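Down below is the structure, laid out as structure tokens.
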Amino acid sequence: MHLNKVSLEARHISLSYGSTEVLKDVNLHIEPGEFFALLGPSGSGKSTLLRLIAGFNQHQRGELLIDGKDITGTPPHLRNVGMVFQNYALWPHMTVWDNVAFGLVERKEPKESLKRKVGAALELVGLMQYAQRRPSQLSGGQQQRVALARTVVIEPKLLLLDEPLSNLDKNLRVQMREELKNLQRTLGLTTIFVTHDQEEAMTTADRMAVLDKGVLQQIGTATALFDYPANRFVAGFVGTANLVDGTVTQVNGETLTFQADGVGTLVMARSPDTPGLGKATLAFRPHTVSISVRDEHVDASRIWLEGKVESSEFLGESSRYRVRVGEAVIVANQSHYCGLSLFPPGAEVRLGIEHSQARLLAA
Ligand code: ADP
């Protein structure tokens with residue numbers, strides 16, 4: 001298959017339905033060949049943005065460019081964009097072969113090359129031996145592969161996937177996300193997929209954009225978003241985070257003082273991106289919190305919090321604690337190894353967070 005790698009750029013895209021703004025000044029640049037995820041909760045505008053790229057929705061403001069060329073006025077069928085829908089939208093009365101061939105028949109592809117292309121697409125997704133079956137005779141994962149084959153057979157410039165794995169059960173989802181990633185790597189096709197599942201986005205995408213209420217919150221790799229979330233929303237949506245609101249009351253050379261609401265005064269190391277005086281949110285991940293008995297040595301290497309265990313869950317590889325610290329409840333995950341006993345509910349404990357693992361986010 002000969003697939004071009006194209007870039008996609010959204011510049012100041014806005015879209016409203018009546019007085020409801022669904023996308024607000026969205027800017028993003030997707031590189032040629034990139035596997036890119038649009039991640040956000042339900043109703044955040046992900047599908048609207050995807051459909052806009054396909055040409056099914058029209059933005060009122062901004063520009064949409066493929067390889068630098070504005071395609072805003074180009075109708076869907078002239079965009080050469082392939083879209084896989086959540087429910088796959090296969091023709092039930094047609095065989096797998098005919099489903100995959102459909103787009104090429106529409107294009108009046110010569111017989112010989114049609115045969116070659118359909119064959120190649122079915123080989124690609126490993127379904128050649130099912131060519132004569134109907135979709136109802138296939139598993140959910142196989143149906144999805146047919147939908148993918150049907151889409152890539154027309155050699156689109158862009159592959160768009162709307163919640164491609166949401167109809168599959170958990171195990172199959174994990175397997176299919178591997179397959180999807182391999183397929184994308186093989187084709188090298190610029191691919192944009194929509195998901196509300198952060199794990200799915202993190203495990204498959206090269207980069208992702210996080211959306212909330214139609215506003216693009218942050219773009220980056222999974223590790224960049226996880227380690228350096230730009231704001232409270234991203235910190236809580238990409239992975240889990242402890243979030244404590246408060247106020248930066250003092251900033252000195254290397255340190256700052258954070259008045260954590262309901263928790264107390266914390267002295268923290270200052271980093272170049274720390275916000276200045278005023279409202280802020282302290283964010284840190286449960287697995288970076290150490291949990292120990294109160295009489296252990298305390299030094300300046302960590303932020304220390306004193307608390308009481310409210311509950312503990314043994315998960316095998318780790319134990320998850322909910323610890324009350326003043327008015328806040330902090331989640332701490334402790335890795336488990338053979339012989340380590342758990343702190344019981346009511347235990348007085350000390351939590352430690354290394355300065356490098358705590359982030360202050362501007363409010
Ligand atoms: P997501 O894909 O993130 O779940 P959508 O893009 O489907 O979100 O929807 C974003 C918002 O736009 C939602 O509040 C939804 O109700 C609204 N919306 C979507 N399509 C329409 C439409 N055709 N008319 C009016 N409102 C719509």
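If you're wondering about the labels, chains in the structure tokens are A, B, ... by order shown, residues count from 1 in each chain, ligands from 1 in order shown.
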Those of segment 128-360 of chain A in DSSP helix (DSSP H, G or I), formatted as a ChimeraX atom specification = /A:128-130,135-137,140-152,170-187,198-204,222-227,232-237,286-288,355-357
key: Given 7 Å and only C-alpha atoms and all ligand atoms, residues near ligand 1 as an MDAnalysis selection string   = chainID A and resid 17 22 40:49
task = Compile the contact shell of segment 234-236 of chain A as JSON, numbers by chain: residues with an atom at most 12 Å away, counting only C-alpha atoms, same-chain residues fewer than 2 positions apart removed.
result = {"A": [39, 40, 41, 198, 208, 209, 210, 211, 212, 215, 216, 217, 218, 219, 220, 222, 223, 224, 225, 226, 227, 228, 229, 230, 231, 232, 238, 239, 240, 241, 242, 243, 244, 281, 282, 283, 284, 285, 286, 358, 359, 360, 361, 362]}
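Between atom CA of Ala147 of chain A and atom CA of Arg207 of chain A lies a distance of 23.8 Å.
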message = If I take atom CA of Thr265 of chain A and atom CA of Ser335 of chain A, how far is one from the other in Å, to one decimal?
response = 28.2 Å
With only C-alpha atoms counted and 10 Å as the cut-off, give the residues of segment 25-122 of chain A in contact with segment 148-154 of chain A, each with its shortest interatomic distance in Å and the pair that gives it, as CSV.
residue,atom,partner,partner_atom,distance
A:Asn80,CA,A:Ile154,CA,8.2
A:Val81,CA,A:Thr151,CA,8.8
A:Gly82,CA,A:Thr151,CA,5.3
A:Met83,CA,A:Thr151,CA,6.5
A:Val84,CA,A:Leu148,CA,6.6
A:Phe85,CA,A:Leu148,CA,9.6
A:Tyr88,CA,A:Leu148,CA,8.5
A:Leu90,CA,A:Arg150,CA,9.0
A:Val96,CA,A:Arg150,CA,9.0
A:Trp97,CA,A:Arg150,CA,9.0
A:Asp98,CA,A:Arg150,CA,9.2
A:Asn99,CA,A:Arg150,CA,6.5
A:Val100,CA,A:Arg150,CA,4.0
A:Ala101,CA,A:Arg150,CA,6.9
A:Phe102,CA,A:Arg150,CA,7.6
A:Gly103,CA,A:Ile154,CA,6.4
A:Leu104,CA,A:Ile154,CA,6.4
A:Arg107,CA,A:Ile154,CA,9.0
A:Glu109,CA,A:Ile154,CA,9.9
A:Leu114,CA,A:Val153,CA,9.2
A:Lys117,CA,A:Val153,CA,6.3
A:Val118,CA,A:Val153,CA,6.4
A:Gly119,CA,A:Val153,CA,9.3
A:Ala120,CA,A:Val153,CA,8.1
A:Ala121,CA,A:Ala149,CA,5.1
A:Leu122,CA,A:Ala149,CA,6.2
Preceding selection exported with N, CA, C and O atoms as a compact mmCIF listing (two decimals), in the first residue's frame:
# COMPACT_ATOMS: atom_id res chain seq x y z
N ASN A 80 -10.27 12.65 1.39
CA ASN A 80 -9.50 11.42 1.44
C ASN A 80 -9.05 11.06 2.87
O ASN A 80 -7.88 10.84 3.15
N VAL A 81 -10.04 11.09 3.74
CA VAL A 81 -9.82 10.77 5.14
C VAL A 81 -10.62 9.51 5.45
O VAL A 81 -11.76 9.39 5.03
N GLY A 82 -10.00 8.57 6.12
CA GLY A 82 -10.70 7.33 6.46
C GLY A 82 -11.12 7.34 7.92
O GLY A 82 -10.34 7.68 8.78
N MET A 83 -12.39 7.01 8.15
CA MET A 83 -12.87 7.04 9.53
C MET A 83 -13.45 5.68 9.94
O MET A 83 -14.25 5.11 9.20
N VAL A 84 -13.04 5.21 11.10
CA VAL A 84 -13.63 3.98 11.66
C VAL A 84 -14.54 4.39 12.81
O VAL A 84 -14.11 5.06 13.75
N PHE A 85 -15.81 3.99 12.68
CA PHE A 85 -16.78 4.38 13.70
C PHE A 85 -16.79 3.39 14.85
O PHE A 85 -16.39 2.24 14.70
N TYR A 88 -18.40 0.23 14.11
CA TYR A 88 -17.80 -0.34 12.89
C TYR A 88 -18.63 -0.10 11.63
O TYR A 88 -18.07 -0.02 10.55
N LEU A 90 -20.42 -1.92 9.64
CA LEU A 90 -20.23 -2.87 8.53
C LEU A 90 -21.58 -3.17 7.90
O LEU A 90 -22.61 -3.08 8.56
N VAL A 96 -17.26 -10.27 4.14
CA VAL A 96 -16.10 -9.49 4.58
C VAL A 96 -15.40 -8.88 3.37
O VAL A 96 -15.07 -7.70 3.34
N TRP A 97 -15.21 -9.71 2.35
CA TRP A 97 -14.52 -9.25 1.14
C TRP A 97 -15.26 -8.05 0.53
O TRP A 97 -14.65 -7.02 0.23
N ASP A 98 -16.57 -8.18 0.39
CA ASP A 98 -17.36 -7.10 -0.23
C ASP A 98 -17.40 -5.85 0.64
O ASP A 98 -17.40 -4.73 0.11
N ASN A 99 -17.40 -6.05 1.94
CA ASN A 99 -17.34 -4.89 2.83
C ASN A 99 -16.06 -4.11 2.60
O ASN A 99 -16.06 -2.88 2.50
N VAL A 100 -14.95 -4.85 2.52
CA VAL A 100 -13.65 -4.19 2.35
C VAL A 100 -13.54 -3.57 0.95
O VAL A 100 -12.97 -2.50 0.77
N ALA A 101 -14.15 -4.23 -0.03
CA ALA A 101 -14.05 -3.75 -1.41
C ALA A 101 -14.94 -2.53 -1.68
O ALA A 101 -14.74 -1.81 -2.66
N PHE A 102 -15.90 -2.30 -0.80
CA PHE A 102 -16.96 -1.32 -1.05
C PHE A 102 -16.45 0.05 -1.55
O PHE A 102 -16.88 0.56 -2.58
N GLY A 103 -15.50 0.62 -0.82
CA GLY A 103 -14.99 1.95 -1.17
C GLY A 103 -14.32 1.98 -2.54
O GLY A 103 -14.41 2.96 -3.26
N LEU A 104 -13.68 0.88 -2.88
CA LEU A 104 -12.98 0.81 -4.17
C LEU A 104 -13.99 0.63 -5.31
O LEU A 104 -13.80 1.18 -6.40
N ARG A 107 -15.37 3.88 -6.10
CA ARG A 107 -14.41 4.68 -6.86
C ARG A 107 -14.15 4.13 -8.26
O ARG A 107 -13.27 4.62 -8.97
N GLU A 109 -12.66 1.40 -9.12
CA GLU A 109 -11.29 0.87 -9.21
C GLU A 109 -11.27 -0.29 -10.21
O GLU A 109 -12.16 -1.15 -10.18
N LEU A 114 -8.32 -3.74 -7.75
CA LEU A 114 -9.27 -3.89 -6.64
C LEU A 114 -8.97 -5.19 -5.90
O LEU A 114 -8.83 -5.21 -4.68
N LYS A 117 -5.71 -4.94 -3.96
CA LYS A 117 -5.78 -4.06 -2.78
C LYS A 117 -6.61 -4.66 -1.65
O LYS A 117 -6.25 -4.57 -0.48
N VAL A 118 -7.75 -5.27 -2.02
CA VAL A 118 -8.59 -5.88 -0.99
C VAL A 118 -7.83 -7.04 -0.34
O VAL A 118 -7.82 -7.19 0.89
N GLY A 119 -7.15 -7.82 -1.18
CA GLY A 119 -6.35 -8.93 -0.66
C GLY A 119 -5.29 -8.44 0.31
O GLY A 119 -5.11 -8.99 1.40
N ALA A 120 -4.60 -7.38 -0.09
CA ALA A 120 -3.53 -6.83 0.76
C ALA A 120 -4.09 -6.33 2.09
O ALA A 120 -3.49 -6.54 3.15
N ALA A 121 -5.25 -5.68 2.03
CA ALA A 121 -5.85 -5.12 3.26
C ALA A 121 -6.27 -6.25 4.20
O ALA A 121 -6.09 -6.17 5.41
N LEU A 122 -6.82 -7.34 3.62
CA LEU A 122 -7.24 -8.47 4.45
C LEU A 122 -6.03 -9.20 5.04
O LEU A 122 -6.06 -9.64 6.19
task = Would you mind writing down, as a ChimeraX atom specification, each residue of segment 60-290 of chain A that DSSP on the backbone assigns to strand (DSSP E)?
result = /A:61-66,69-70,81-84,158-162,190-195,207-212,215-220,242-251,255-260,264-269,278-284,289-290
inquiry  = Can you pull out the residues contacting Gln60 of chain A? Cut-off 10 Å, using only C-alpha atoms, and skip same-chain residues under 6 positions away; I want them as a PyMOL selection string.
reply    = chain A and resi 13-17+23+72
Rows by chain and residue number, segment 203-269 of chain A within 10 Å of segment 302-317 of chain A, shortest pair, only C-alpha atoms, as a tab-separated table:
residue	atom	partner	partner_atom	distance
A:Val263	CA	A:Leu305	CA	8.4
A:Gly264	CA	A:Leu305	CA	9.0
A:Thr265	CA	A:Leu305	CA	9.9
A:Leu266	CA	A:Ile303	CA	7.0
A:Val267	CA	A:Ile303	CA	7.1
A:Met268	CA	A:Ile303	CA	6.7
A:Ala269	CA	A:Ile303	CA	9.1
